[in-house]
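input_28.txt follows (compact mmCIF, C-alpha atoms):
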# COMPACT_ATOMS: atom_id res chain seq x y z
CA MET A 1 -23.68 -63.88 -42.38
CA SER A 2 -26.27 -66.16 -40.81
CA ALA A 3 -28.78 -67.72 -43.20
CA VAL A 4 -31.94 -66.55 -41.45
CA VAL A 5 -35.24 -67.15 -43.25
CA TYR A 6 -37.57 -64.16 -43.00
CA GLU A 7 -41.27 -64.00 -43.66
CA ARG A 8 -42.20 -61.80 -46.59
CA ARG A 9 -44.03 -59.34 -44.37
CA ASP A 10 -40.89 -58.91 -42.24
CA VAL A 11 -38.82 -58.21 -45.34
CA ARG A 12 -41.36 -55.69 -46.63
CA ARG A 13 -41.42 -53.99 -43.23
CA ALA A 14 -37.61 -53.95 -43.22
CA ARG A 15 -37.69 -52.23 -46.61
CA TYR A 16 -39.74 -49.34 -45.22
CA ALA A 17 -37.54 -49.20 -42.12
CA VAL A 18 -34.36 -48.92 -44.18
CA ALA A 19 -36.05 -46.27 -46.35
CA ALA A 20 -36.76 -44.27 -43.20
CA VAL A 21 -33.11 -44.60 -42.14
CA PHE A 22 -32.04 -43.29 -45.55
CA ALA A 23 -34.40 -40.32 -45.18
CA VAL A 24 -33.02 -39.54 -41.70
CA HIS A 25 -29.46 -39.72 -43.04
CA GLY A 26 -30.34 -37.31 -45.84
CA ALA A 27 -32.12 -34.93 -43.47
CA VAL A 28 -28.93 -34.50 -41.44
CA THR A 29 -27.05 -33.50 -44.59
CA GLY A 30 -29.75 -31.04 -45.62
CA SER A 31 -29.89 -29.54 -42.14
CA PHE A 32 -26.15 -28.93 -42.12
CA ALA A 33 -25.84 -27.58 -45.66
CA THR A 34 -28.28 -24.71 -45.16
CA ARG A 35 -26.44 -23.38 -42.08
CA VAL A 36 -22.92 -23.34 -43.53
CA PRO A 37 -23.00 -19.51 -43.85
CA TRP A 38 -23.88 -19.20 -40.14
CA ILE A 39 -21.09 -21.64 -39.24
CA GLN A 40 -18.64 -19.67 -41.39
CA ASP A 41 -19.54 -16.41 -39.64
CA HIS A 42 -19.46 -18.02 -36.19
CA ALA A 43 -15.95 -19.42 -36.78
CA GLN A 44 -14.87 -16.17 -38.51
CA LEU A 45 -13.56 -17.91 -41.62
CA GLY A 46 -12.69 -16.59 -45.05
CA ALA A 47 -13.75 -18.37 -48.22
CA GLY A 48 -10.46 -20.24 -48.54
CA GLN A 49 -10.52 -21.40 -44.92
CA LEU A 50 -14.11 -22.59 -45.31
CA GLY A 51 -13.14 -24.52 -48.43
CA LEU A 52 -10.37 -26.23 -46.47
CA ALA A 53 -12.73 -27.14 -43.63
CA LEU A 54 -15.35 -28.53 -46.02
CA ALA A 55 -12.82 -31.05 -47.33
CA PHE A 56 -12.74 -32.78 -43.93
CA PRO A 57 -16.12 -34.57 -44.07
CA ALA A 58 -14.97 -36.53 -47.13
CA ILE A 59 -11.59 -37.22 -45.50
CA GLY A 60 -13.26 -38.50 -42.34
CA ALA A 61 -15.69 -40.65 -44.32
CA SER A 62 -12.94 -42.18 -46.44
CA VAL A 63 -10.90 -43.08 -43.34
CA ALA A 64 -13.79 -44.52 -41.31
CA MET A 65 -15.96 -46.32 -43.87
CA PRO A 66 -13.93 -49.56 -43.86
CA LEU A 67 -14.71 -49.87 -40.13
CA ALA A 68 -18.45 -50.22 -40.77
CA GLY A 69 -18.19 -53.86 -41.84
CA TYR A 70 -16.21 -54.75 -38.71
CA VAL A 71 -18.75 -53.00 -36.47
CA SER A 72 -21.66 -54.81 -38.16
CA HIS A 73 -19.85 -58.14 -37.78
CA ARG A 74 -19.25 -57.62 -34.07
CA LEU A 75 -22.63 -56.14 -33.11
CA GLY A 76 -25.01 -57.50 -35.72
CA ALA A 77 -26.55 -55.38 -38.45
CA ARG A 78 -29.47 -53.99 -36.43
CA THR A 79 -27.47 -52.96 -33.35
CA ALA A 80 -24.71 -51.54 -35.54
CA MET A 81 -27.23 -49.53 -37.54
CA ARG A 82 -28.75 -48.13 -34.34
CA ALA A 83 -25.35 -47.08 -33.02
CA LEU A 84 -24.08 -45.60 -36.28
CA ILE A 85 -27.23 -43.66 -37.19
CA ALA A 86 -27.35 -42.21 -33.66
CA LEU A 87 -23.69 -41.16 -33.85
CA TRP A 88 -24.34 -39.54 -37.23
CA THR A 89 -27.44 -37.61 -36.17
CA LEU A 90 -25.78 -36.43 -32.96
CA ALA A 91 -22.66 -35.35 -34.87
CA LEU A 92 -24.84 -32.69 -36.53
CA VAL A 93 -24.40 -30.47 -33.45
CA LEU A 94 -20.59 -30.41 -33.61
CA PRO A 95 -19.84 -28.01 -36.52
CA SER A 96 -22.01 -25.20 -35.18
CA LEU A 97 -20.15 -25.36 -31.84
CA ALA A 98 -16.72 -24.85 -33.43
CA PRO A 99 -15.24 -21.40 -32.63
CA ASN A 100 -12.36 -21.45 -35.14
CA LEU A 101 -10.91 -23.17 -38.20
CA TRP A 102 -9.11 -26.04 -36.52
CA THR A 103 -11.94 -27.04 -34.21
CA LEU A 104 -14.27 -26.88 -37.21
CA CYS A 105 -11.95 -29.15 -39.20
CA GLY A 106 -11.99 -31.64 -36.31
CA ALA A 107 -15.77 -31.42 -35.96
CA LEU A 108 -16.26 -31.96 -39.69
CA PHE A 109 -13.86 -34.91 -39.65
CA VAL A 110 -16.03 -36.61 -37.00
CA TYR A 111 -19.18 -35.53 -38.86
CA GLY A 112 -17.87 -37.15 -42.05
CA ALA A 113 -16.61 -40.29 -40.33
CA THR A 114 -19.96 -41.02 -38.71
CA ALA A 115 -21.75 -40.18 -41.95
CA GLY A 116 -19.60 -42.62 -43.92
CA MET A 117 -19.99 -45.52 -41.50
CA ALA A 118 -23.76 -45.07 -41.29
CA ASP A 119 -23.84 -44.81 -45.09
CA VAL A 120 -22.10 -48.17 -45.53
CA ALA A 121 -24.27 -49.88 -42.90
CA MET A 122 -27.58 -48.70 -44.37
CA ASN A 123 -26.55 -49.54 -47.93
CA ALA A 124 -25.51 -53.03 -46.83
CA LEU A 125 -28.93 -53.50 -45.21
CA GLY A 126 -30.60 -52.18 -48.35
CA VAL A 127 -28.72 -54.75 -50.45
CA GLU A 128 -29.83 -57.54 -48.08
CA VAL A 129 -33.49 -56.48 -48.34
CA GLU A 130 -33.22 -56.16 -52.12
CA ALA A 131 -31.82 -59.68 -52.38
CA ARG A 132 -34.69 -61.12 -50.33
CA LEU A 133 -37.37 -59.22 -52.23
CA GLY A 134 -35.89 -60.29 -55.56
CA ARG A 135 -36.30 -56.87 -57.19
CA SER A 136 -34.52 -53.54 -57.30
CA ILE A 137 -35.14 -51.17 -54.39
CA MET A 138 -31.82 -49.34 -54.08
CA SER A 139 -32.79 -46.46 -56.36
CA GLY A 140 -35.89 -45.80 -54.27
CA LEU A 141 -33.86 -45.92 -51.07
CA HIS A 142 -31.48 -43.30 -52.40
CA GLY A 143 -34.52 -41.34 -53.54
CA MET A 144 -35.66 -41.33 -49.92
CA TRP A 145 -32.23 -39.98 -48.98
CA SER A 146 -32.72 -37.15 -51.49
CA ALA A 147 -36.22 -36.49 -50.16
CA GLY A 148 -34.89 -36.38 -46.60
CA ALA A 149 -32.15 -33.96 -47.68
CA LEU A 150 -34.75 -31.69 -49.27
CA VAL A 151 -36.88 -31.75 -46.09
CA GLY A 152 -33.84 -31.04 -43.92
CA ALA A 153 -32.80 -28.22 -46.24
CA ALA A 154 -36.30 -26.73 -46.18
CA ALA A 155 -36.35 -26.76 -42.38
CA GLY A 156 -32.86 -25.24 -42.30
CA THR A 157 -33.87 -22.54 -44.76
CA PHE A 158 -36.84 -21.67 -42.55
CA ALA A 159 -34.60 -21.56 -39.46
CA ALA A 160 -32.10 -19.33 -41.26
CA HIS A 161 -34.93 -17.05 -42.42
CA LEU A 162 -35.99 -16.64 -38.81
CA GLY A 163 -32.40 -15.79 -37.90
CA SER A 164 -32.18 -18.61 -35.37
CA ASP A 165 -28.90 -19.69 -33.79
CA ALA A 166 -27.61 -22.77 -35.65
CA ARG A 167 -26.55 -24.32 -32.35
CA LEU A 168 -30.15 -24.38 -31.18
CA HIS A 169 -31.46 -25.41 -34.60
CA HIS A 170 -29.02 -28.30 -34.92
CA ALA A 171 -29.54 -29.45 -31.34
CA LEU A 172 -33.30 -29.72 -31.92
CA ALA A 173 -32.82 -31.33 -35.33
CA ALA A 174 -30.31 -33.83 -33.95
CA ALA A 175 -32.60 -34.84 -31.09
CA THR A 176 -35.57 -35.29 -33.42
CA LEU A 177 -33.65 -37.22 -36.07
CA THR A 178 -31.95 -39.44 -33.48
CA VAL A 179 -35.34 -40.54 -32.15
CA LEU A 180 -36.70 -41.13 -35.66
CA GLY A 181 -33.60 -43.09 -36.67
CA LEU A 182 -33.65 -45.32 -33.59
CA VAL A 183 -37.37 -46.04 -34.02
CA ALA A 184 -36.86 -46.98 -37.67
CA CYS A 185 -34.01 -49.33 -36.77
CA ARG A 186 -36.37 -51.51 -34.72
CA TRP A 187 -37.58 -53.15 -37.94
CA VAL A 188 -34.44 -53.46 -40.05
CA LEU A 189 -33.14 -56.98 -40.71
CA ASP A 190 -31.03 -58.32 -37.85
CA ILE A 191 -28.28 -59.96 -39.91
CA ARG A 192 -25.66 -61.63 -37.75
CA ALA A 193 -22.38 -63.37 -38.46
CA THR A 194 -22.10 -67.11 -37.88
CA GLU A 195 -19.81 -68.33 -35.11
CA ASP A 196 -17.17 -69.63 -37.52
CA GLU A 197 -17.21 -66.56 -39.79
CA GLU A 198 -13.99 -64.59 -39.84
CA PRO A 199 -14.43 -60.89 -38.98
CA PRO A 200 -13.56 -58.46 -41.75
CA PRO A 201 -10.37 -56.44 -41.24
CA ARG A 202 -10.71 -53.09 -39.55
CA PHE A 203 -8.94 -51.48 -42.49
CA ALA A 204 -8.47 -52.99 -45.95
CA LEU A 205 -8.01 -51.91 -49.52
CA PRO A 206 -11.17 -52.17 -51.64
CA PRO A 207 -11.52 -55.53 -53.39
CA ARG A 208 -10.83 -55.64 -57.11
CA SER A 209 -14.51 -55.94 -57.98
CA ALA A 210 -15.24 -52.78 -55.98
CA LEU A 211 -12.62 -50.86 -57.96
CA LEU A 212 -14.36 -51.57 -61.28
CA ILE A 213 -17.82 -50.82 -59.91
CA GLY A 214 -16.46 -47.79 -58.08
CA ALA A 215 -15.07 -46.41 -61.33
CA VAL A 216 -18.63 -46.23 -62.70
CA GLY A 217 -19.79 -44.54 -59.50
CA PHE A 218 -16.83 -42.16 -59.73
CA CYS A 219 -18.08 -40.89 -63.12
CA ALA A 220 -21.62 -40.37 -61.82
CA VAL A 221 -20.62 -38.63 -58.58
CA PHE A 222 -18.14 -36.41 -60.42
CA ALA A 223 -20.98 -35.23 -62.68
CA GLU A 224 -23.27 -34.79 -59.66
CA GLY A 225 -20.72 -32.74 -57.73
CA ALA A 226 -19.95 -30.61 -60.77
CA ALA A 227 -23.63 -29.88 -61.38
CA LEU A 228 -24.51 -29.17 -57.76
CA ASP A 229 -21.61 -26.80 -57.12
CA TRP A 230 -21.19 -25.18 -60.54
CA SER A 231 -24.55 -25.17 -62.33
CA ALA A 232 -25.60 -21.82 -60.87
CA VAL A 233 -22.18 -20.32 -61.58
CA TYR A 234 -22.31 -21.67 -65.15
CA LEU A 235 -25.63 -19.99 -65.86
CA ARG A 236 -24.55 -16.73 -64.25
CA ASP A 237 -21.07 -16.45 -65.76
CA GLU A 238 -21.42 -18.17 -69.13
CA LEU A 239 -25.02 -17.30 -70.01
CA THR A 240 -25.56 -14.09 -67.97
CA ALA A 241 -28.61 -15.50 -66.19
CA SER A 242 -30.07 -13.75 -63.16
CA ALA A 243 -29.15 -14.95 -59.67
CA GLY A 244 -32.68 -16.28 -59.15
CA LEU A 245 -32.68 -18.25 -62.39
CA ALA A 246 -29.22 -19.62 -61.67
CA ALA A 247 -30.31 -20.83 -58.22
CA ALA A 248 -33.45 -22.35 -59.73
CA CYS A 249 -31.27 -24.43 -62.04
CA THR A 250 -29.50 -26.06 -59.08
CA THR A 251 -32.79 -26.67 -57.27
CA GLY A 252 -34.29 -28.16 -60.42
CA PHE A 253 -31.30 -30.48 -60.78
CA MET A 254 -31.77 -31.75 -57.21
CA LEU A 255 -35.51 -32.27 -57.70
CA THR A 256 -34.93 -34.10 -60.97
CA MET A 257 -32.47 -36.45 -59.30
CA ALA A 258 -34.83 -37.12 -56.38
CA ALA A 259 -37.79 -37.86 -58.66
CA ALA A 260 -35.71 -40.11 -60.92
CA ARG A 261 -34.41 -42.10 -57.97
CA LEU A 262 -37.86 -42.59 -56.50
CA ALA A 263 -39.13 -43.86 -59.87
CA GLY A 264 -35.94 -45.66 -60.87
CA ASP A 265 -36.65 -49.08 -59.38
CA ALA A 266 -39.51 -49.70 -61.79
CA VAL A 267 -37.14 -49.06 -64.71
CA VAL A 268 -34.43 -51.28 -63.25
CA ASN A 269 -36.88 -54.11 -62.57
CA ARG A 270 -38.12 -53.84 -66.15
CA PHE A 271 -34.83 -53.54 -68.02
CA GLY A 272 -32.09 -54.60 -65.59
CA ALA A 273 -29.19 -52.65 -64.13
CA VAL A 274 -26.87 -52.81 -67.14
CA ARG A 275 -29.32 -51.54 -69.74
CA THR A 276 -30.62 -48.91 -67.33
CA VAL A 277 -27.14 -47.50 -66.69
CA ARG A 278 -26.28 -47.58 -70.40
CA ALA A 279 -29.40 -45.56 -71.17
CA SER A 280 -28.62 -43.32 -68.20
CA GLY A 281 -25.15 -42.64 -69.57
CA VAL A 282 -26.62 -41.63 -72.92
CA LEU A 283 -29.07 -39.25 -71.20
CA ALA A 284 -26.32 -37.74 -69.03
CA ALA A 285 -24.00 -37.30 -72.02
CA LEU A 286 -26.80 -35.68 -74.02
CA GLY A 287 -27.42 -33.34 -71.09
CA GLY A 288 -23.73 -32.47 -70.94
CA LEU A 289 -23.71 -31.76 -74.67
CA LEU A 290 -26.66 -29.39 -74.29
CA ILE A 291 -24.85 -27.58 -71.48
CA VAL A 292 -21.68 -27.18 -73.53
CA VAL A 293 -23.41 -25.85 -76.69
CA ALA A 294 -26.07 -23.78 -74.88
CA HIS A 295 -26.42 -20.12 -75.86
CA HIS A 296 -29.54 -19.57 -73.75
CA PRO A 297 -30.17 -20.37 -70.04
CA ALA A 298 -33.22 -22.50 -70.87
CA VAL A 299 -31.11 -24.86 -73.00
CA ALA A 300 -28.50 -25.24 -70.25
CA MET A 301 -31.22 -25.83 -67.65
CA ALA A 302 -32.66 -28.58 -69.85
CA GLY A 303 -29.15 -30.03 -70.08
CA PHE A 304 -28.70 -30.06 -66.30
CA ALA A 305 -32.14 -31.68 -65.92
CA LEU A 306 -31.17 -34.44 -68.39
CA MET A 307 -27.88 -34.91 -66.57
CA GLY A 308 -29.78 -35.30 -63.28
CA LEU A 309 -32.04 -37.92 -64.86
CA GLY A 310 -29.04 -39.72 -66.29
CA ILE A 311 -26.91 -40.01 -63.16
CA ALA A 312 -29.68 -40.40 -60.56
CA VAL A 313 -29.82 -44.20 -60.39
CA VAL A 314 -26.17 -44.98 -61.08
CA VAL A 315 -24.78 -44.75 -57.53
CA PRO A 316 -27.62 -46.83 -55.98
CA LEU A 317 -27.00 -49.50 -58.61
CA CYS A 318 -23.27 -49.38 -57.89
CA PHE A 319 -23.94 -50.12 -54.21
CA ALA A 320 -26.32 -52.92 -55.17
CA ALA A 321 -23.73 -54.43 -57.53
CA ALA A 322 -21.03 -54.15 -54.85
CA GLY A 323 -23.24 -56.02 -52.40
CA ARG A 324 -23.56 -58.90 -54.91
CA SER A 325 -19.92 -58.92 -55.97
CA GLY A 326 -18.35 -61.11 -53.32
CA PRO A 327 -18.59 -62.86 -49.96
CA ASN A 328 -18.23 -59.66 -47.91
CA PRO A 329 -20.87 -57.10 -49.00
CA SER A 330 -19.93 -54.51 -46.38
CA LEU A 331 -16.29 -54.46 -47.46
CA ALA A 332 -17.21 -54.12 -51.14
CA ILE A 333 -19.78 -51.40 -50.39
CA ALA A 334 -17.22 -49.56 -48.25
CA GLY A 335 -14.78 -49.72 -51.17
CA VAL A 336 -17.30 -48.31 -53.63
CA ALA A 337 -18.37 -45.66 -51.12
CA THR A 338 -14.75 -44.60 -50.58
CA ILE A 339 -14.24 -44.14 -54.33
CA THR A 340 -17.47 -42.19 -54.77
CA TYR A 341 -16.77 -39.97 -51.75
CA THR A 342 -13.34 -39.26 -53.21
CA SER A 343 -14.96 -38.28 -56.50
CA GLY A 344 -17.31 -35.93 -54.68
CA LEU A 345 -14.32 -34.43 -52.88
CA ILE A 346 -12.23 -33.68 -55.96
CA ALA A 347 -14.96 -32.83 -58.49
CA PRO A 348 -15.72 -29.23 -57.41
CA SER A 349 -12.05 -28.24 -57.20
CA ALA A 350 -11.18 -30.07 -60.44
CA ILE A 351 -13.94 -28.24 -62.29
CA GLY A 352 -12.80 -24.93 -60.83
CA GLY A 353 -9.14 -25.55 -61.60
CA LEU A 354 -9.82 -26.55 -65.20
CA ALA A 355 -12.13 -23.55 -65.60
CA GLN A 356 -9.37 -21.28 -64.30
CA LEU A 357 -7.00 -22.62 -66.96
CA THR A 358 -9.58 -22.74 -69.77
CA SER A 359 -13.31 -22.12 -69.19
CA LEU A 360 -16.35 -23.65 -67.55
CA VAL A 361 -17.47 -24.83 -71.00
CA VAL A 362 -14.34 -26.98 -71.24
CA SER A 363 -14.88 -28.21 -67.67
CA PHE A 364 -18.35 -29.46 -68.53
CA GLY A 365 -16.92 -30.99 -71.68
CA LEU A 366 -14.90 -33.21 -69.31
CA VAL A 367 -18.09 -34.02 -67.38
CA THR A 368 -19.72 -35.02 -70.66
CA VAL A 369 -16.85 -37.39 -71.49
CA LEU A 370 -17.15 -39.02 -68.05
CA ALA A 371 -20.91 -39.40 -68.59
CA CYS A 372 -20.12 -41.36 -71.76
CA GLY A 373 -18.10 -43.69 -69.55
CA LEU A 374 -21.33 -44.71 -67.78
CA ALA A 375 -22.66 -46.17 -71.02
CA VAL A 376 -19.37 -47.80 -71.97
CA PHE A 377 -18.62 -49.52 -68.65
CA ALA A 378 -22.18 -50.30 -67.46
CA GLY A 379 -21.57 -54.03 -67.92
CA VAL A 380 -19.61 -54.30 -64.65
CA LEU A 381 -22.87 -53.73 -62.73
CA GLY A 382 -24.53 -56.89 -64.04
CA ALA A 383 -22.72 -59.50 -61.96
CA GLY A 384 -24.99 -61.41 -59.59
CA GLU A 385 -28.29 -59.84 -60.68
CA GLY A 386 -29.83 -63.29 -61.01
CA ASP A 387 -29.07 -64.08 -57.38
CA ARG A 388 -31.85 -61.76 -56.17
CA SER A 389 -34.62 -63.97 -57.47
CA ARG A 390 -32.94 -67.11 -56.08
CA ILE A 391 -32.67 -65.66 -52.56
CA SER A 392 -36.19 -64.29 -52.82
CA ARG A 393 -37.53 -67.78 -53.57
CA GLN A 394 -35.64 -69.15 -50.57
CA ASP A 395 -37.21 -66.57 -48.27
CA ALA A 396 -40.62 -67.31 -49.75
CA ALA A 397 -40.38 -70.80 -48.18
CA VAL A 398 -42.08 -69.36 -45.10
CA PRO A 399 -45.44 -68.00 -46.28
CA ASP A 400 -47.18 -64.98 -44.87
CA PRO A 401 -49.88 -65.80 -42.35
CA LYS A 402 -53.36 -65.42 -43.81
CA PRO A 403 -55.39 -62.52 -42.51
Write the structure described by the file as structure tokens, please.
Amino acid sequence: MSAVVYERRDVRRARYAVAAVFAVHGAVTGSFATRVPWIQDHAQLGAGQLGLALAFPAIGASVAMPLAGYVSHRLGARTAMRALIALWTLALVLPSLAPNLWTLCGALFVYGATAGMADVAMNALGVEVEARLGRSIMSGLHGMWSAGALVGAAAGTFAAHLGSDARLHHALAAATLTVLGLVACRWVLDIRATEDEEPPPRFALPPRSALLIGAVGFCAVFAEGAALDWSAVYLRDELTASAGLAAACTTGFMLTMAAARLAGDAVVNRFGAVRTVRASGVLAALGGLLIVVAHHPAVAMAGFALMGLGIAVVVPLCFAAAGRSGPNPSLAIAGVATITYTSGLIAPSAIGGLAQLTSLVVSFGLVTVLACGLAVFAGVLGAGEGDRSRISRQDAAVPDPKP
């Protein structure tokens, strides 16, 4: 990429712009998730058919994410981000238009593909801003994604409460979020490839470094998917909690993760990525242990809260480490994203399958073991951390104009 020197105020403005893009991306996800029951009824699907359809966003993302680096190389980071965020926000309207299973599968494939490419592009821009600032910001960016998802979910819940048609709801949401995303992209860094720089391949296997970093992300996302999809069921079936209390557990887990991500950068800047993830792994494992031994809903809820605290910052730090791991940040980030999306795809069914053979307690015992892996393998996230301060000093060569 071109070695452009940015003024500090431009980098700080780019940080807020990327944060807004993350929030828009999350808001699309939240808007969709709350209207899945309406989409199921509209397409006249059974539970098994819906489960099949909901696998297609992850499939589409995994197929398309390697293309994001090529698009950014050809168009430049800012133009690519504009195009990809607009495609993602507009793709929100597709699932609610699907009249049957196969059209819904196709719509969700496109929905996932655009989500994945925009995800890679915005994380690559976040890594660039982080490098120029010389301090961790990725946790906060992912916290903004969580906050956007909560806002989108709240708006979707309100729309569902009013009984509104999801086609109208998603059309209005897509139009609003497209405008917000395009406005935010005006101030992201405009990173461009040099004339002699080789374009990345359209499709490529993840680099070796991404595989190791992705393995850490795999453990965190597996725990996240298990908790999001099964925490309410665990409280209801294993601990005979009420439906309201079970739902509150899932909401509390999401809020805990969002708060931890928003506050996580201060911890990372103080202690570094490796020590933070090691401590996070201990917290997540302790949370898993509480869940497994719980005989009262309150104990299990405390366990899920600890697990949320423990895994919250891991995926942002995996993306940051991938961006520092080699000469092609987009390719490495795409590799890590592919692994984490795969984990999110298989976690819910793996937990359910193991529970069918044994019990949910045993399933969350597996989650606890994977959480221990965060502490054991955290060292792979430390490569290149010192480069942030070096790049930050280079960018500081052009001082801010005095007021």
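Proximity to A:Gly148 was assessed for A:Gly181, A:Gly272, A:Pro57, A:Gly30 counting all atoms listed in the file; the smallest distance is recorded for A:Gly30.
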Just the residues within 6 Å of stretch 359-370 of chain A, please, counting only C-alpha atoms, with nothing from its chain fewer than 4 positions along; format it as a PDB file with C-alpha atoms, keeping the file's coordinate frame.
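For reference, result-v3.pdb as written:
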ATOM      1  CA  CYS A 219     -18.080 -40.890 -63.120  1.00  0.00           C
ATOM      2  CA  ALA A 223     -20.980 -35.230 -62.680  1.00  0.00           C
ATOM      3  CA  ALA A 285     -24.000 -37.300 -72.020  1.00  0.00           C
ATOM      4  CA  GLY A 288     -23.730 -32.470 -70.940  1.00  0.00           C
ATOM      5  CA  VAL A 292     -21.680 -27.180 -73.530  1.00  0.00           C
ATOM      6  CA  ILE A 351     -13.940 -28.240 -62.290  1.00  0.00           C
ATOM      7  CA  LEU A 354      -9.820 -26.550 -65.200  1.00  0.00           C
ATOM      8  CA  ALA A 355     -12.130 -23.550 -65.600  1.00  0.00           C
TER       9      ALA A 355
END
Can you list, as a PyMOL selection string, every protein, DNA or RNA residue that comes within 9 Å of A:Arg186 when you count only C-alpha atoms, leaving out same-chain residues fewer than 2 positions away? chain A and resi 14+17+78+82+182-184+188-189
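Using all atoms listed in the file, the smallest distance between any of A:Thr178, A:Thr240, A:Gln49, A:Ser72 and A:Ala298 comes from A:Thr240.
Separating atom CA of A:Leu101 from atom CA of A:Ala64 is a distance of 21.8 Å.
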Taking (-25.5, -45.4, -52.4) in the file's coordinates as the center, which residues reach within 9 Å of it, counting only C-alpha atoms, put as a PDB file with C-alpha atoms, keeping the file's coordinate frame?
ATOM      1  CA  ASP A 119     -23.840 -44.810 -45.090  1.00  0.00           C
ATOM      2  CA  VAL A 120     -22.100 -48.170 -45.530  1.00  0.00           C
ATOM      3  CA  MET A 122     -27.580 -48.700 -44.370  1.00  0.00           C
ATOM      4  CA  ASN A 123     -26.550 -49.540 -47.930  1.00  0.00           C
ATOM      5  CA  MET A 138     -31.820 -49.340 -54.080  1.00  0.00           C
ATOM      6  CA  SER A 139     -32.790 -46.460 -56.360  1.00  0.00           C
ATOM      7  CA  LEU A 141     -33.860 -45.920 -51.070  1.00  0.00           C
ATOM      8  CA  HIS A 142     -31.480 -43.300 -52.400  1.00  0.00           C
ATOM      9  CA  VAL A 314     -26.170 -44.980 -61.080  1.00  0.00           C
ATOM     10  CA  VAL A 315     -24.780 -44.750 -57.530  1.00  0.00           C
ATOM     11  CA  PRO A 316     -27.620 -46.830 -55.980  1.00  0.00           C
ATOM     12  CA  LEU A 317     -27.000 -49.500 -58.610  1.00  0.00           C
ATOM     13  CA  CYS A 318     -23.270 -49.380 -57.890  1.00  0.00           C
ATOM     14  CA  PHE A 319     -23.940 -50.120 -54.210  1.00  0.00           C
ATOM     15  CA  ALA A 320     -26.320 -52.920 -55.170  1.00  0.00           C
ATOM     16  CA  ILE A 333     -19.780 -51.400 -50.390  1.00  0.00           C
ATOM     17  CA  VAL A 336     -17.300 -48.310 -53.630  1.00  0.00           C
ATOM     18  CA  ALA A 337     -18.370 -45.660 -51.120  1.00  0.00           C
ATOM     19  CA  THR A 340     -17.470 -42.190 -54.770  1.00  0.00           C
TER      20      THR A 340
END
If you count all atoms listed in the file, the residue of A:Asn100, A:Ala334, A:Leu90, A:Ala263 closest to A:Thr176 turns out to be A:Leu90
Mind giving me the axis-aligned box for stretch 343-356 of chain A with 4 Å on every side, centre plus edges in Å to one decimal, as JSON?
{"center_x": -13.2, "center_y": -29.8, "center_z": -59.2, "size_x": 16.2, "size_y": 25.0, "size_z": 20.7}
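Across the model, the gap from atom CA of A:Ala375 to atom CA of A:Ala302 is 20.3 Å.
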Given all atoms listed in the file as the basis, pick out the residue of A:Tyr16, A:Trp38, A:Tyr341, A:Phe218 nearest to A:Trp187. A:Tyr16
From A:Thr89, A:Ser31, A:Ser146, A:Thr358, residue lying nearest A:Phe253 [only C-alpha atoms]: A:Ser146
For a quick check of understanding, using all atoms listed in the file, which of A:Pro99, A:Gly112, A:Pro297, A:Gly48 has the smallest distance to A:Ala247? A:Pro297
Computed interatomic separation between atom CA of A:Leu255 and atom CA of A:Ser349 (Å): 23.8 Å
Could I get stretch 156-179 of chain A from the block written as an mmCIF file, in the first residue's frame, with C-alpha atoms?
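What follows is the written file selection-v1.cif:
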data_model
loop_
_atom_site.group_PDB
_atom_site.id
_atom_site.type_symbol
_atom_site.label_atom_id
_atom_site.label_comp_id
_atom_site.auth_asym_id
_atom_site.auth_seq_id
_atom_site.Cartn_x
_atom_site.Cartn_y
_atom_site.Cartn_z
ATOM 1 C CA GLY A 156 -36.604 -4.279 14.794
ATOM 2 C CA THR A 157 -38.280 -5.319 18.030
ATOM 3 C CA PHE A 158 -40.349 -2.132 17.959
ATOM 4 C CA ALA A 159 -41.309 -2.750 14.315
ATOM 5 C CA ALA A 160 -42.292 -6.336 15.117
ATOM 6 C CA HIS A 161 -44.331 -5.147 18.102
ATOM 7 C CA LEU A 162 -46.248 -2.835 15.787
ATOM 8 C CA GLY A 163 -46.855 -5.758 13.445
ATOM 9 C CA SER A 164 -45.212 -3.984 10.515
ATOM 10 C CA ASP A 165 -44.364 -5.758 7.272
ATOM 11 C CA ALA A 166 -40.653 -6.678 7.326
ATOM 12 C CA ARG A 167 -40.346 -5.693 3.667
ATOM 13 C CA LEU A 168 -41.264 -2.118 4.530
ATOM 14 C CA HIS A 169 -39.203 -2.136 7.725
ATOM 15 C CA HIS A 170 -36.088 -3.443 5.980
ATOM 16 C CA ALA A 171 -36.491 -1.119 3.012
ATOM 17 C CA LEU A 172 -36.564 1.916 5.330
ATOM 18 C CA ALA A 173 -33.721 0.562 7.452
ATOM 19 C CA ALA A 174 -31.598 -0.203 4.383
ATOM 20 C CA ALA A 175 -32.113 3.282 2.937
ATOM 21 C CA THR A 176 -31.235 4.954 6.241
ATOM 22 C CA LEU A 177 -28.181 2.792 6.926
ATOM 23 C CA THR A 178 -26.906 3.152 3.360
ATOM 24 C CA VAL A 179 -26.899 6.935 3.699
#
